[in-house]
Each structure stands twice: as C-alpha cells, then as structure tokens.
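Peer 1: Before I ask anything, let me first share the structure, which is written out below as structure tokens.
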Amino acid sequence: GWVCGSAWAPRLSPSSCVTRLGAVTDCFVAALLWGRAWLHDQSWAGVQNSNGAAAEVGVDTIYKVGGAQAVAALSLGTETVKGVDKIVGPGNIYVTLAKKLAFGYVDIDMLAGPSEILVLADETATPSYAAADMLSQAEHDPMASAVLVTTSEDIAYEVKEELIKQVQELSREEIASESLENYGALIVAQDLNEAIEVTRYPAIVLSIVPSWNWN
C-alpha cells in the first residue's frame with residue numbers, strides 16, 4: 001500500500017517589520033494581473049520607499065496597519081478595512097500563525113518559516129561579502145538562521161571578524177546579533193564534497209555560492 005504524509009522544509013519569511021521592495025512587487029504584481037481593482041499593503045505601510053514601489057506596480061489603497069491584527073481585519077473586514085479574498089506575503093511568527101487561523105475565511109499563499117541563508121565559499125571568497133550576505137537575513141528576525149560552509153579555516157575566521165564588525169553598523173544590531181548567536185554557524189569542511197554534503201542537511205531555502213574554484 002501507499003504511505004501518505006507531509007514533509008516540512010524551511011521557507012523564506014522575513015519579518016514584516018523589515019522593508020523589502022522585492023516583496024512588494026512579488027506580492028502585488030500577480031494580484032494586479034488577476035484584475036484586482038484595489039489592494040492592501042499592510043506589511044510595509046508608512047515606509048516611503050515601499051509605498052513608492054507599491055504605487056509603481058499599481059497599488060491604489062494602502063492601510064497603515066500590520067501584524068496579526070491586520071490579518072484578522074483583512075480576513076473578516078471591518079468598518080474601515082475592506083475584506084480581501086487572499087492574503088499573501090512574508091511575516092513574522094505572529095503573522096504566520098494568524099494566516100493559519102485565517103485560512104478558510106480567506107485563501108493564503110503558504111505558512112512560511114523564519115528567514116535563512118547558507119553561504120558556500122572557498123578560499124577565494126571575499127569575507128566582507130559573505131558576512132554581508134549572512135547579515136542580510138540575520139537582521140530580519142531573532143529566529144533567522146545564517147550559516148557559512150567553507151573549506152578554508154582562514155575564510156571562516158575572517159568572516160567571523162567581518163560579522164562582528166558589520167553587525168555593529170546595523171540599525172537592527174540587537175536582532176541580528178541574537179540571530180547569529182542562537183541560529184548562526186560557521187562550518188569548516190575538509191573538501192568540496194564534504195562541503196556540498198553539509199549543505200544538504202539544513203534544507204535552507206536561500207543558498208549563495210559567492211565564488212568557487214571548481215577545478
């Protein structure tokens with residue numbers, strides 16, 4: 001007979017308090033193609049750059065609300081917030097759980113996990129770039145995960161030094177530091193084959209290979 005079940009793998013889900021212009025277009029372009037006359041931008045409301053991006057893709061209605069309460073308002077409708085048919089886009093753990101409860105009242109895209117990134121690098125990688133890539137996800141959420149896998153102990157050490165340096169320059173230093181402390185990792189592999197094998201286990205959704213001498 002057949003055995004049926006579910007397999008879970010991490011998915012990218014930045015906290016809604018972080019502005020991502022790409023997420024604006026990701027969420028809204030498809031809805032506009034479906035012919036929606038109006039849309040709600042609840043995750044990035046009040047942020048000038050995001051509002052500009054939303055206007056560029058054709059969004060004409062923006063409510064300055066966010067979080068789980070915004071999901072509830074959009075699901076059921078209120079006197080001031082018009083209900084929608086589908087809620088999409090990234091959010092923190094509270095937004096994700098709210099979307100789970102809202103499913104059935106409205107459609108949703110998916111239940112996503114925290115942000116995550118894995119950087120695969122050899123001795124030719126630029127440590128400052130690798131550290132910046134890791135911090136690009138670590139700053140999203142205290143539960144985000146940023147991992148470096150390298151065949152070079154020197155690169156691992158230099159990336160660590162860059163992380164210490166660069167995290168102090170972030171406006172979200174506290175969140176990024178907590179993320180790195182609890183869910184970050186610097187892994188040194190013996191060779192390329194072991195490095196690739198290591199990358200298979202976390203099932204991280206966003207992987208970057210900044211440079212590699214494949215010969």
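By convention in this document, the chains of the structure tokens carry letters A, B, ... by their order, each chain's residues are numbered from 1, and ligands are numbered from 1 in the order they are shown.
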Considering only C-alpha atoms, return as a ChimeraX atom specification whatever protein or nucleic-acid residues lie within 7 Å of region 68-74 of chain A, sequence-local ones (same chain, fewer than 5 positions apart) excluded.
Peer 2: /A:42,81-84,94-95,98-99,102
Peer 1: Skipping near chain neighbours, those fewer than 4 positions away, what residues fall within 12 Å of region 157-161 of chain A using only C-alpha atoms, listed as a PyMOL selection string?
Peer 2: chain A and resi 119+121-123+125-135+146-153+165-168+180-181+184-188
Peer 1: Once you have the residues from the selection above, write them out as a PDB file, in the first residue's frame, restricted to C-alpha atoms.
Peer 2:
ATOM      1  CA  VAL A 119      26.744  30.744   2.068  1.00  0.00           C
ATOM      2  CA  ALA A 121      32.537  29.575  -0.002  1.00  0.00           C
ATOM      3  CA  ASP A 122      36.112  28.512  -0.740  1.00  0.00           C
ATOM      4  CA  GLU A 123      39.404  30.292  -0.106  1.00  0.00           C
ATOM      5  CA  ALA A 125      35.617  34.184  -1.425  1.00  0.00           C
ATOM      6  CA  THR A 126      35.529  37.780  -0.183  1.00  0.00           C
ATOM      7  CA  PRO A 127      34.882  37.635   3.588  1.00  0.00           C
ATOM      8  CA  SER A 128      33.140  41.011   3.743  1.00  0.00           C
ATOM      9  CA  TYR A 129      30.662  39.955   1.045  1.00  0.00           C
ATOM     10  CA  ALA A 130      29.971  36.601   2.708  1.00  0.00           C
ATOM     11  CA  ALA A 131      29.342  38.322   6.049  1.00  0.00           C
ATOM     12  CA  ALA A 132      27.048  40.887   4.428  1.00  0.00           C
ATOM     13  CA  ASP A 133      25.037  38.097   2.790  1.00  0.00           C
ATOM     14  CA  MET A 134      24.626  36.380   6.160  1.00  0.00           C
ATOM     15  CA  LEU A 135      23.552  39.588   7.883  1.00  0.00           C
ATOM     16  CA  ALA A 146      22.641  32.425   8.756  1.00  0.00           C
ATOM     17  CA  VAL A 147      25.200  29.711   8.011  1.00  0.00           C
ATOM     18  CA  LEU A 148      28.609  29.708   6.319  1.00  0.00           C
ATOM     19  CA  VAL A 149      30.099  26.476   4.966  1.00  0.00           C
ATOM     20  CA  THR A 150      33.683  26.772   3.755  1.00  0.00           C
ATOM     21  CA  THR A 151      36.755  24.646   3.078  1.00  0.00           C
ATOM     22  CA  SER A 152      39.051  27.358   4.440  1.00  0.00           C
ATOM     23  CA  GLU A 153      39.700  27.980   8.131  1.00  0.00           C
ATOM     24  CA  LYS A 165      32.401  44.459  12.589  1.00  0.00           C
ATOM     25  CA  GLN A 166      29.402  44.792  10.281  1.00  0.00           C
ATOM     26  CA  VAL A 167      26.685  43.880  12.777  1.00  0.00           C
ATOM     27  CA  GLN A 168      27.629  46.937  14.833  1.00  0.00           C
ATOM     28  CA  LEU A 180      23.707  34.852  14.875  1.00  0.00           C
ATOM     29  CA  GLU A 181      24.185  33.772  18.472  1.00  0.00           C
ATOM     30  CA  GLY A 184      24.172  31.168  13.145  1.00  0.00           C
ATOM     31  CA  ALA A 185      27.032  28.824  12.289  1.00  0.00           C
ATOM     32  CA  LEU A 186      30.483  28.821  10.689  1.00  0.00           C
ATOM     33  CA  ILE A 187      31.287  25.334   9.399  1.00  0.00           C
ATOM     34  CA  VAL A 188      34.689  24.278   8.027  1.00  0.00           C
TER      35      VAL A 188
END
Peer 1: With distances taken over only C-alpha atoms, which of A:Ser171, A:Asn92, A:Gln137, A:Thr124 is nearest to Ala112 (chain A)?
Peer 2: A:Asn92
Peer 1: Quick one: distance from CA of Val198 (chain A) to CA of Leu120 (chain A) in Å, one decimal?
Peer 2: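 Computing it gives 9.9 Å between the two atoms.
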